[in-house]
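Visitor: First the structure, which I've put down as structure tokens, then a few questions once you've had a look.
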Amino acid sequence: MASPSLSGRPAFVFAPDRCTGCEACRIACGIENAGGRDTGWRTVLTFNPARHPALPTRHLSLACNHCETPACALGCPASAYRRDAATGALVLEPERCIGCRYCSWLCPYDAPRFDAAAGVMTKCTFCAPRLAGGRPPACTEACPTAALSIGSRNGRSAELAFTGLAETGLGPALRLVASRRQTPPPASASQAILDSARVQPTAPRKITLRSEWTLALFTVVMPALVAWLGSGLVAPARAPAALPFLGLAALAMAVSMLHLGRPLRAWRALVNLRSSWLSREAALSALFVGLGTGWFVQPVVSVGWAALVAGLALVLSIDAVYRAIPRTGRSAWHSSDVVLTTLLLLGIGTDTTLVAWTAAALKALLFAARWRSGPFGLPIPLAGLRLVLLALAVAESLGWSVAFVLAVVGEALDRSAFYSELEPVTPAAGMAAAASRAAAVVRS
Amino acid sequence: MGIAGLETNRATPEGPCLKGLAYVERAHSKQRIEGPLRRLCDGSFEPIGWEAAIETIASTLERLHSRHGPQTVLYYSASGTKGLLNEAGLAFWRLFGGCTTTYGDLCWPAGLEATRLTLGANSHNAPWDLENARLIVMWGKNPAETNIHQLPQVDRAQSAGATLVVIDPRRTETAERADVLAQLRPGTDGALALGIGHILVRDACVDRDFISRNVLGFEDYCRLVAAYDPQRVAALTELPVATVESIARLFATLRPATIVPGFGMQRYTNSGQTLRAMLALLAITGNIGKPGAGWMYANLQTQIFSERKDPLDLYPPEDPAGPVRVSISTARLGRDMLRTTEPPLTFAWVERGNPIPQNPETQTVLEAFRKLEFRVVVEEFLTDTAREADIVLPAKNFFEQTDVIGAYWHPYLQLRPKILEPPPGVRPETEIYRALGRRLGIAEQELAEALPGPSEEAIEAWLAAKLAPFGITLDELRKGPVLSPEFEEVAFAELKFPTPSGRIELRSEEARGRWGQDELPSWREAEERPTPGGPYPLHILTPNTKNRIHSQFGNLETIRRMEPSPSVAMHPRDARDRNLGEGSRARVFNARGELRLPVRLDWGLKPGCIAITNGFWLSEGGAVNVLSEGRETDMGFGAAFHDNAVQAEKV
């Protein structure tokens with residue numbers, strides 16, 4: 001989505017020195033946009049809420065930053081966002097939204113939220129109607145200390161470490177005002193050993209396996225189907241029968257539709273091929289399954305190979321969907337990446353040892369890298385099992401179908417860990433990381 | 001519907017605080033009582049019609065009146081809603097023949113009296129004048145949470161180079177902005193003030209010229225502070241000597257200086273004397289009667305409608321005879337209710353107040369209320385006090401009846417016009433009294449004289465008559481806030497002090513004569529305080545927060561999101577000593593009662609102090625006054641809530 005130049009358009013200006021964390025901004029948003037019945041779209045975060053003596057206690061008020069390069073809009077498969085040219089506001093159109101929640105994973109500011117009752121996303125509108133009429137957004141008008149106000153997108157934004165807001169390249173309409181106070185008040189209270197776990201509460205997880213198990217299923221079944229079909233092209237005896245192939249495909253796609261807030265609008269997922277990997281993934285799924293079905297109906301070799309090409313493009317797009325998510329700290333490459341899974345299964349299914357062992361080696365390396373870099377999404381016994389299954393699958397001592405199934409089970413385990421480990425950037429997580437860094441500085 | 005600010009009020013141009021905004025929810029809250037309720041045997045409530053309610057109340061009143069006389073009725077009102085129409089209450093009870101009522105106040109009379117004895121009146125510079133100060137001392141005061149409109153003024157003063165000192169046992173939100181934070185032992189503020197005075201006298205940094213012209217008792221004061229050397233003060237207050245010296249140095253070198261005392265700090269048995277000692281610092285440095293200087297405690301310039309200003313009109317009358325028996329100390333509500341005889345109390349009418357959780361010694365207040373035969377509570381929500389009622393009558397909110405209000409910080413009179421119709425079952429107090437009066441057989445003519453209304457025109461005519469002597473019209477008020485006729489941008493600018501001597505009195509004979517206190521602002525320990533190693537080694541602070549005004553607002557959903565339930569804040573050292581961690585369940589107790597609450601760790605507390613914020617309800621397990629004792633402050637008949645020592649243990 002090409003956005004016109006937003007120079008001179010409004011931006012939120014936030015001065016942390018003046019903010020007391022009172023949340024009048026949040027309450028005013030709720031009054032303006034939900035008649036006072038709901039909490040509104042603004043969140044106030046507090047750094048060092050337990051007032052550890054070595055650090056200042058500060059607040060950060062965030063809503064949507066109506067970014068120049070909006071990750072949400074660009075990633076939305078249903079093109080449910082539109083830019084209001086006059087104000088620069090990025091507005092969600094609920095009738096177009098399918099409730100897939102992908103935008104909420106792409107946004108590092110936690111702006112789009114899922115409205116479970118309506119089945120669609122909801123987000124700060126910048127009070128665009130007010131802005132158009134020359135009035136500031138409700139939150140900025142309500143702030144009793146002028147900590148939150150409205151200014152212009154032009155102008156510098158100060159770097160304030162406590163916020164944990166990383167440079168995202170999205171061009172947010174948010175300017176932070178430099179702080180006069182970076183240190184805590186000189187107090188006569190006792191010093192204490194700084195324990196970063198206590199300075200900042202851990203941020204709640206945005207993604208859990210429980211919430212995304214349907215996607216885990218989809219991203220295990222589809223690579224398996226692509227590899228199975230590919231194997232069948234090379235060795236016709238190994239080709240899948242129509243019923244199991246279509247049955248599994250239907251299951252995977254139906255289950256992933258359950259992930260949507262508005263499953264009946266699922267067709268809208270095909271709308272934004274231009275910029276959304278999720279849209280492309282949806283289209284390629286349909287293409288792969290369609291061509292695969294065509295191959296069963298009329299076993300023409302070229303149709304089969306076209307299906308395989310579509311399937312390979314599909315698994316590439318699946319990985320791309322997840323790679324687009326900004327993460328805190330962990331690598332964007334994971335041992336459960338579906339391209340590797342597809343290659344592994346293809347290698348097993350076509351007896352191409354080089355491919356199978358290369359894929360397995362890469363998976364093992366990435367697995368080890370995860371082990372070192374942070375909390376592991378699998379309990380130790382299951383992690384061990386995953387490695388054992390991978391080894392057995394490429395050991396060449398078992399029949400291809402047994403090896404194939406063992407490999408799929410092993411990948412299913414690892415893929416479930418993928419969702420448990422996936423930590424999209426959130427302001428709360430960013431602030432927790434900032435607290436750790438500040439604690440390290442004080443300790444040294 | 002929304003709420004916006006009125007820029008013509010120069011003290012609050014930013015508009016409402018978060019609680020004011022929450023009024024949008026409050027005005028339409030599902031929890032609101034919208035018709036009379038009667039309590040059933042099992043403690044639940046059922047709606048009854050107005051006729052039945054009035055009939056029941058009136059017949060009970062008649063019966064009790066004939067048996068005991070009118071003073072068997074306790075008329076209890078507090079500061080839940082302000083306005084001139086509030087006087088309808090007492091006017092009605094006089095028609096009834098009289099009643100019993102309270103003297104003193106939960107809020108701030110110790111400080112009012114300390115100021116009255118010293119300066120002669122409670123008046124301070126306009127709020128926006130704070131921007132002119134070079135030294136601002138927030139002494140037991142946390143405007144970042146409890147007077148948000150003052151914060152931009154502090155911010156502007158600091159931008160212009162002012163120094164901010166915060167004196168508070170807690171590192172508060174305000175303290176984050178301070179240049180100096182002195183976390184002293186609670187109850188020792190007076191000792192600190194005398195210690196600062198000692199240093200100023202020692203270093204000859206007082207304003208001799210100002211003192212010679214305007215101050216009475218300086219020589220005696222010097223003799224008093226001689227004993228408060230920095231080492232002794234540091235030991236008493238548990239502050240470093242360097243901190244005491246640095247604060248004194250700031251008073252010595254920075255002019256003009258403003259002290260903003262907090263009301264919480266003013267609720268100890270030694271508070272009156274404490275505030276006199278603090279005020280003395282401004283007197284001896286010439287920080288009274290100048291821009292940017294002064295004592296921003298109470299500004300009663302808008303209290304023009306009563307003959308006597310606070311605190312005098314809160315005291316028992318000199319002549320105790322009369323239809324209204326002013327005999328119950330607000331601080332000792334429970335005990336005084338129980339010991340009242342001739343006649344004993346059998347009936348209570350409560351409006352604009354919530355005494356069960358909010359007055360000290362909740363158990364005693366409950367006992368006293370339960371001993372009565374009948375209770376009527378006029379309320380918006382089913383509060384702890386309303387739950388004790390036999391009949392609850394629905395209360396209006398302030399959008400539903402026109403009235404005129406003043407303030408106690410800024411100098412404006414304002415109109416509070418009616419902008420909402422009350423729900424069909426809700427009547428304003430004036431109409432409740434009218435209906436009750438008619439049923440009691442009070443003459444229509446008498447009712448018309450005592451009670452304004454019922455029509456809008458009648459209310460406005462009544463208000464206009466009150467305003468007329470001051471040359472203020474309702475039309476003027478409709479245009480915007482009007483400065484009080486007694487407005488002074490700089491209080492005491494002419495250095496005329498309405499004290500017996502005409503000077504600022506550091507030595508006050510009335511302190512001795514009326515209150516039995518030292519003529520000079522001497523300091524002594526609070527009556528109850530923690531004993532290290534003893535049964536109750538912790539001091540409990542019960543500060544106010546931005547989220548509530550005492551027991552109001554906390555029940556609203558938008559407020560609950562921020563502080564859904566009560567907890568006890570503890571310093572990690574105190575918690576660790578008791579095997580408590582974040583989220584552990586603790587039992588906080590003393591001889592008077594206990595609370596069981598989850599722990600929140602807070603490094604900002606002074607070790608030895610724990611904090612439970614004020615205003616949680618008894619029904620949610622957080623009423624802090626189950627722990628407090630009903631004691632009066634040393635002057636003013638205030639409530640010494642904070643003479644309160646507790647222990648905490650793991651549950």
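Labels used: A, B, ... for chains in the order of the structure tokens, numbers from 1 for residues in each chain, and numbers from 1 for ligands as shown.
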Counting only C-alpha atoms, what is within 9 Å of range 242-249 of chain B, bar same-chain residues fewer than 2 positions away, as a VMD selection string?
Guide: (chain A and resid 188) or (chain B and resid 165 180 to 182 192 195 to 200 205 230 233 to 234 239 to 240 251 to 254)
Visitor: Would you mind exporting all heavy atoms of the selected residues as a short mmCIF file (atom, residue, chain, number, x, y, z; two decimals), in the first residue's frame?
Guide:
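Writing done, so here's out_0.cif:
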```cif
data_model
loop_
_atom_site.label_atom_id
_atom_site.label_comp_id
_atom_site.auth_asym_id
_atom_site.auth_seq_id
_atom_site.Cartn_x
_atom_site.Cartn_y
_atom_site.Cartn_z
N SER A 188 17.25 8.95 50.69
CA SER A 188 17.99 8.50 51.85
C SER A 188 17.66 7.06 52.21
O SER A 188 18.11 6.55 53.20
CB SER A 188 17.70 9.41 53.05
OG SER A 188 16.31 9.49 53.24
N VAL B 165 11.81 20.20 46.82
CA VAL B 165 12.14 19.31 47.94
C VAL B 165 10.88 18.53 48.28
O VAL B 165 9.80 19.12 48.38
CB VAL B 165 12.60 20.12 49.17
CG1 VAL B 165 12.76 19.22 50.39
CG2 VAL B 165 13.90 20.85 48.86
N VAL B 180 15.57 16.98 46.09
CA VAL B 180 15.90 16.40 47.38
C VAL B 180 14.70 15.61 47.86
O VAL B 180 13.58 16.10 47.80
CB VAL B 180 16.23 17.49 48.43
CG1 VAL B 180 16.51 16.86 49.79
CG2 VAL B 180 17.40 18.34 47.97
N LEU B 181 14.95 14.38 48.32
CA LEU B 181 13.87 13.57 48.90
C LEU B 181 14.30 13.17 50.31
O LEU B 181 15.34 12.56 50.49
CB LEU B 181 13.60 12.33 48.06
CG LEU B 181 12.67 11.28 48.69
CD1 LEU B 181 11.30 11.86 48.98
CD2 LEU B 181 12.56 10.06 47.80
N ALA B 182 13.50 13.56 51.30
CA ALA B 182 13.82 13.22 52.69
C ALA B 182 12.77 12.25 53.21
O ALA B 182 11.65 12.64 53.51
CB ALA B 182 13.86 14.49 53.54
N LEU B 192 11.76 17.78 62.51
CA LEU B 192 12.55 18.24 61.37
C LEU B 192 12.41 19.74 61.20
O LEU B 192 13.40 20.46 60.98
CB LEU B 192 12.11 17.51 60.10
CG LEU B 192 12.81 17.96 58.82
CD1 LEU B 192 14.31 17.71 58.90
CD2 LEU B 192 12.23 17.25 57.60
N GLY B 195 14.37 21.46 63.67
CA GLY B 195 15.79 21.29 63.35
C GLY B 195 16.24 22.25 62.25
O GLY B 195 17.34 22.80 62.31
N ILE B 196 15.38 22.44 61.27
CA ILE B 196 15.72 23.40 60.22
C ILE B 196 15.76 24.80 60.81
O ILE B 196 16.66 25.61 60.51
CB ILE B 196 14.71 23.30 59.06
CG1 ILE B 196 14.82 21.94 58.37
CG2 ILE B 196 14.93 24.42 58.05
CD1 ILE B 196 13.70 21.63 57.40
N GLY B 197 14.80 25.09 61.68
CA GLY B 197 14.79 26.39 62.35
C GLY B 197 16.06 26.61 63.16
O GLY B 197 16.64 27.70 63.15
N HIS B 198 16.50 25.55 63.83
CA HIS B 198 17.74 25.62 64.62
C HIS B 198 18.89 26.08 63.74
O HIS B 198 19.69 26.96 64.11
CB HIS B 198 18.01 24.24 65.23
CG HIS B 198 19.35 24.11 65.88
ND1 HIS B 198 19.51 24.09 67.25
CD2 HIS B 198 20.60 23.99 65.37
CE1 HIS B 198 20.79 23.94 67.56
NE2 HIS B 198 21.47 23.89 66.43
N ILE B 199 19.03 25.45 62.57
CA ILE B 199 20.15 25.76 61.68
C ILE B 199 20.03 27.18 61.15
O ILE B 199 21.02 27.92 61.06
CB ILE B 199 20.21 24.74 60.52
CG1 ILE B 199 20.52 23.34 61.07
CG2 ILE B 199 21.26 25.16 59.49
CD1 ILE B 199 20.35 22.23 60.06
N LEU B 200 18.81 27.59 60.80
CA LEU B 200 18.63 28.96 60.29
C LEU B 200 19.02 29.99 61.34
O LEU B 200 19.64 31.02 61.04
CB LEU B 200 17.18 29.16 59.84
CG LEU B 200 16.74 28.35 58.61
CD1 LEU B 200 15.25 28.51 58.37
CD2 LEU B 200 17.52 28.79 57.37
N CYS B 205 20.49 33.06 59.29
CA CYS B 205 19.90 33.17 57.96
C CYS B 205 18.43 33.55 58.02
O CYS B 205 17.68 33.29 57.08
CB CYS B 205 20.05 31.82 57.23
SG CYS B 205 21.76 31.44 56.88
N PRO B 230 21.28 19.45 64.72
CA PRO B 230 21.17 18.50 63.60
C PRO B 230 21.36 17.04 64.00
O PRO B 230 20.68 16.17 63.47
CB PRO B 230 22.26 18.96 62.63
CG PRO B 230 22.44 20.40 62.94
CD PRO B 230 22.16 20.57 64.39
N VAL B 233 18.17 15.85 65.68
CA VAL B 233 17.08 15.79 64.70
C VAL B 233 17.28 14.61 63.74
O VAL B 233 16.34 13.91 63.40
CB VAL B 233 17.00 17.12 63.91
CG1 VAL B 233 16.06 16.98 62.72
CG2 VAL B 233 16.52 18.22 64.83
N ALA B 234 18.53 14.40 63.34
CA ALA B 234 18.80 13.27 62.44
C ALA B 234 18.42 11.96 63.12
O ALA B 234 17.84 11.07 62.50
CB ALA B 234 20.28 13.27 62.06
N LEU B 239 16.90 10.59 59.42
CA LEU B 239 17.46 11.15 58.19
C LEU B 239 18.96 11.38 58.40
O LEU B 239 19.40 11.59 59.53
CB LEU B 239 16.81 12.51 57.87
CG LEU B 239 15.36 12.53 57.45
CD1 LEU B 239 14.86 13.96 57.40
CD2 LEU B 239 15.19 11.85 56.10
N PRO B 240 19.72 11.38 57.33
CA PRO B 240 21.13 11.75 57.47
C PRO B 240 21.26 13.22 57.87
O PRO B 240 20.45 14.06 57.44
CB PRO B 240 21.71 11.53 56.07
CG PRO B 240 20.70 10.72 55.34
CD PRO B 240 19.38 10.99 55.96
N PHE B 251 16.44 26.67 52.44
CA PHE B 251 15.60 27.71 53.02
C PHE B 251 16.39 28.99 53.20
O PHE B 251 15.87 30.10 53.11
CB PHE B 251 15.03 27.26 54.37
CG PHE B 251 13.70 26.58 54.29
CD1 PHE B 251 13.60 25.21 54.44
CD2 PHE B 251 12.55 27.31 54.04
CE1 PHE B 251 12.37 24.57 54.37
CE2 PHE B 251 11.31 26.68 53.96
CZ PHE B 251 11.22 25.31 54.11
N ALA B 252 17.68 28.82 53.51
CA ALA B 252 18.50 30.00 53.79
C ALA B 252 18.81 30.77 52.51
O ALA B 252 18.91 32.00 52.54
CB ALA B 252 19.81 29.57 54.45
N THR B 253 18.94 30.07 51.40
CA THR B 253 19.47 30.73 50.21
C THR B 253 18.43 30.99 49.11
O THR B 253 18.67 31.82 48.24
CB THR B 253 20.60 29.89 49.58
OG1 THR B 253 20.09 28.55 49.38
CG2 THR B 253 21.80 29.83 50.49
N LEU B 254 17.34 30.26 49.14
CA LEU B 254 16.37 30.42 48.05
C LEU B 254 15.14 31.17 48.51
O LEU B 254 14.45 30.75 49.44
CB LEU B 254 15.97 29.05 47.49
CG LEU B 254 17.10 28.24 46.84
CD1 LEU B 254 16.58 26.88 46.39
CD2 LEU B 254 17.71 28.99 45.66
#
```
Visitor: Contacts of Val626 in chain B at 7 Å or less, counting only C-alpha atoms, minus same-chain residues fewer than 3 places along, as an MDAnalysis selection string?
Guide: chainID B and resid 361:363 592:594 623
Visitor: Next, dump the selected residues to file, keeping only all heavy atoms, as a PDB file, in the first residue's frame.
Guide:
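File result.pdb, as written:
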```pdb
ATOM      1  N   GLU B 361     -11.562   3.481  63.545  1.00  0.00           N
ATOM      2  CA  GLU B 361     -12.087   2.443  64.427  1.00  0.00           C
ATOM      3  C   GLU B 361     -13.389   1.854  63.895  1.00  0.00           C
ATOM      4  O   GLU B 361     -14.442   1.908  64.544  1.00  0.00           O
ATOM      5  CB  GLU B 361     -12.298   3.015  65.840  1.00  0.00           C
ATOM      6  CG  GLU B 361     -11.693   2.178  66.929  1.00  0.00           C
ATOM      7  CD  GLU B 361     -11.817   2.875  68.265  1.00  0.00           C
ATOM      8  OE1 GLU B 361     -11.106   3.892  68.480  1.00  0.00           O
ATOM      9  OE2 GLU B 361     -12.613   2.408  69.090  1.00  0.00           O
ATOM     10  N   THR B 362     -13.281   1.271  62.726  1.00  0.00           N
ATOM     11  CA  THR B 362     -14.463   0.731  62.047  1.00  0.00           C
ATOM     12  C   THR B 362     -15.312  -0.183  62.921  1.00  0.00           C
ATOM     13  O   THR B 362     -16.541  -0.102  62.890  1.00  0.00           O
ATOM     14  CB  THR B 362     -13.999  -0.028  60.791  1.00  0.00           C
ATOM     15  OG1 THR B 362     -13.412   0.912  59.887  1.00  0.00           O
ATOM     16  CG2 THR B 362     -15.147  -0.732  60.099  1.00  0.00           C
ATOM     17  N   GLN B 363     -14.673  -1.056  63.689  1.00  0.00           N
ATOM     18  CA  GLN B 363     -15.464  -1.995  64.511  1.00  0.00           C
ATOM     19  C   GLN B 363     -16.372  -1.261  65.488  1.00  0.00           C
ATOM     20  O   GLN B 363     -17.517  -1.665  65.716  1.00  0.00           O
ATOM     21  CB  GLN B 363     -14.543  -2.945  65.274  1.00  0.00           C
ATOM     22  CG  GLN B 363     -13.930  -4.026  64.414  1.00  0.00           C
ATOM     23  CD  GLN B 363     -14.996  -4.806  63.633  1.00  0.00           C
ATOM     24  OE1 GLN B 363     -15.005  -4.808  62.412  1.00  0.00           O
ATOM     25  NE2 GLN B 363     -15.886  -5.435  64.353  1.00  0.00           N
ATOM     26  N   ARG B 592      -6.738  -3.827  67.303  1.00  0.00           N
ATOM     27  CA  ARG B 592      -8.082  -3.379  66.925  1.00  0.00           C
ATOM     28  C   ARG B 592      -8.689  -4.216  65.811  1.00  0.00           C
ATOM     29  O   ARG B 592      -9.904  -4.286  65.690  1.00  0.00           O
ATOM     30  CB  ARG B 592      -8.023  -1.908  66.502  1.00  0.00           C
ATOM     31  CG  ARG B 592      -7.624  -1.003  67.664  1.00  0.00           C
ATOM     32  CD  ARG B 592      -7.503   0.443  67.252  1.00  0.00           C
ATOM     33  NE  ARG B 592      -6.282   0.730  66.522  1.00  0.00           N
ATOM     34  CZ  ARG B 592      -5.142   1.093  67.094  1.00  0.00           C
ATOM     35  NH1 ARG B 592      -5.041   1.194  68.421  1.00  0.00           N
ATOM     36  NH2 ARG B 592      -4.081   1.351  66.364  1.00  0.00           N
ATOM     37  N   GLY B 593      -7.865  -4.832  64.996  1.00  0.00           N
ATOM     38  CA  GLY B 593      -8.431  -5.596  63.888  1.00  0.00           C
ATOM     39  C   GLY B 593      -7.350  -6.101  62.946  1.00  0.00           C
ATOM     40  O   GLY B 593      -6.162  -5.972  63.217  1.00  0.00           O
ATOM     41  N   GLU B 594      -7.780  -6.690  61.850  1.00  0.00           N
ATOM     42  CA  GLU B 594      -6.816  -7.223  60.901  1.00  0.00           C
ATOM     43  C   GLU B 594      -7.346  -7.117  59.477  1.00  0.00           C
ATOM     44  O   GLU B 594      -8.556  -7.021  59.249  1.00  0.00           O
ATOM     45  CB  GLU B 594      -6.519  -8.691  61.208  1.00  0.00           C
ATOM     46  CG  GLU B 594      -7.688  -9.629  60.907  1.00  0.00           C
ATOM     47  CD  GLU B 594      -7.286 -11.092  60.984  1.00  0.00           C
ATOM     48  OE1 GLU B 594      -6.540 -11.456  61.908  1.00  0.00           O
ATOM     49  OE2 GLU B 594      -7.707 -11.853  60.101  1.00  0.00           O
ATOM     50  N   ALA B 623     -10.842  -2.204  54.136  1.00  0.00           N
ATOM     51  CA  ALA B 623     -11.102  -0.976  54.892  1.00  0.00           C
ATOM     52  C   ALA B 623      -9.999  -0.774  55.923  1.00  0.00           C
ATOM     53  O   ALA B 623      -9.931  -1.478  56.929  1.00  0.00           O
ATOM     54  CB  ALA B 623     -12.463  -1.051  55.572  1.00  0.00           C
TER      55      ALA B 623
END
```
Visitor: What residues in chain B lie within 6 Å of chain A, counting only C-alpha atoms, written as a PyMOL selection string?
Guide: chain B and resi 14+18+25+152+176+178+181+602-604
Visitor: For those residues, write N, CA, C and O atoms to a file as a tab-separated table (two decimals), in the first residue's frame.
Guide:
```tsv
chain	number	residue	atom	x	y	z
B	14	GLU	N	-6.49	22.67	32.55
B	14	GLU	CA	-6.27	21.41	31.83
B	14	GLU	C	-7.52	20.56	31.74
B	14	GLU	O	-7.58	19.61	30.96
B	18	LEU	N	-8.46	12.11	36.10
B	18	LEU	CA	-9.03	10.85	35.65
B	18	LEU	C	-10.34	10.54	36.36
B	18	LEU	O	-11.24	9.93	35.78
B	25	GLU	N	-18.85	7.48	33.37
B	25	GLU	CA	-19.34	6.15	33.75
B	25	GLU	C	-20.20	6.24	35.01
B	25	GLU	O	-21.26	5.64	35.12
B	152	PRO	N	1.51	20.84	36.79
B	152	PRO	CA	2.06	21.71	35.74
B	152	PRO	C	2.65	23.00	36.32
B	152	PRO	O	3.60	23.54	35.75
B	176	GLU	N	9.55	11.62	42.32
B	176	GLU	CA	10.37	11.35	41.14
B	176	GLU	C	10.92	12.64	40.54
B	176	GLU	O	11.91	12.63	39.83
B	178	ALA	N	11.78	15.31	42.36
B	178	ALA	CA	12.40	16.13	43.39
B	178	ALA	C	13.91	16.24	43.22
B	178	ALA	O	14.57	15.33	42.72
B	181	LEU	N	14.95	14.38	48.32
B	181	LEU	CA	13.87	13.57	48.90
B	181	LEU	C	14.30	13.17	50.31
B	181	LEU	O	15.34	12.56	50.49
B	602	ASP	N	7.66	-2.74	47.33
B	602	ASP	CA	7.87	-1.35	46.97
B	602	ASP	C	9.14	-0.86	47.65
B	602	ASP	O	9.17	-0.66	48.86
B	603	TRP	N	10.20	-0.69	46.83
B	603	TRP	CA	11.45	-0.18	47.40
B	603	TRP	C	11.32	1.28	47.84
B	603	TRP	O	12.16	1.78	48.56
B	604	GLY	N	10.29	1.93	47.36
B	604	GLY	CA	10.16	3.36	47.66
B	604	GLY	C	9.69	3.66	49.07
B	604	GLY	O	9.74	4.79	49.52
```
Visitor: List the spatial neighbours of range 151-156 of chain A as a ChimeraX atom specification - criterion: any atom at most 6 Å away, only C-alpha atoms, same-chain residues fewer than 3 positions off excluded.
Guide: /A:8-11,13,173
Visitor: Work out how far CA of Thr81 in chain B is from CA of Arg416 in chain B, in Å to one decimal.
Guide: 11.5 Å
Visitor: Quick one: pull the distance between CA of Arg386 in chain A and CA of Trp357 in chain A, Å, one decimal.
Guide: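 Separating CA of Arg386 in chain A from CA of Trp357 in chain A is a distance of 15.6 Å.
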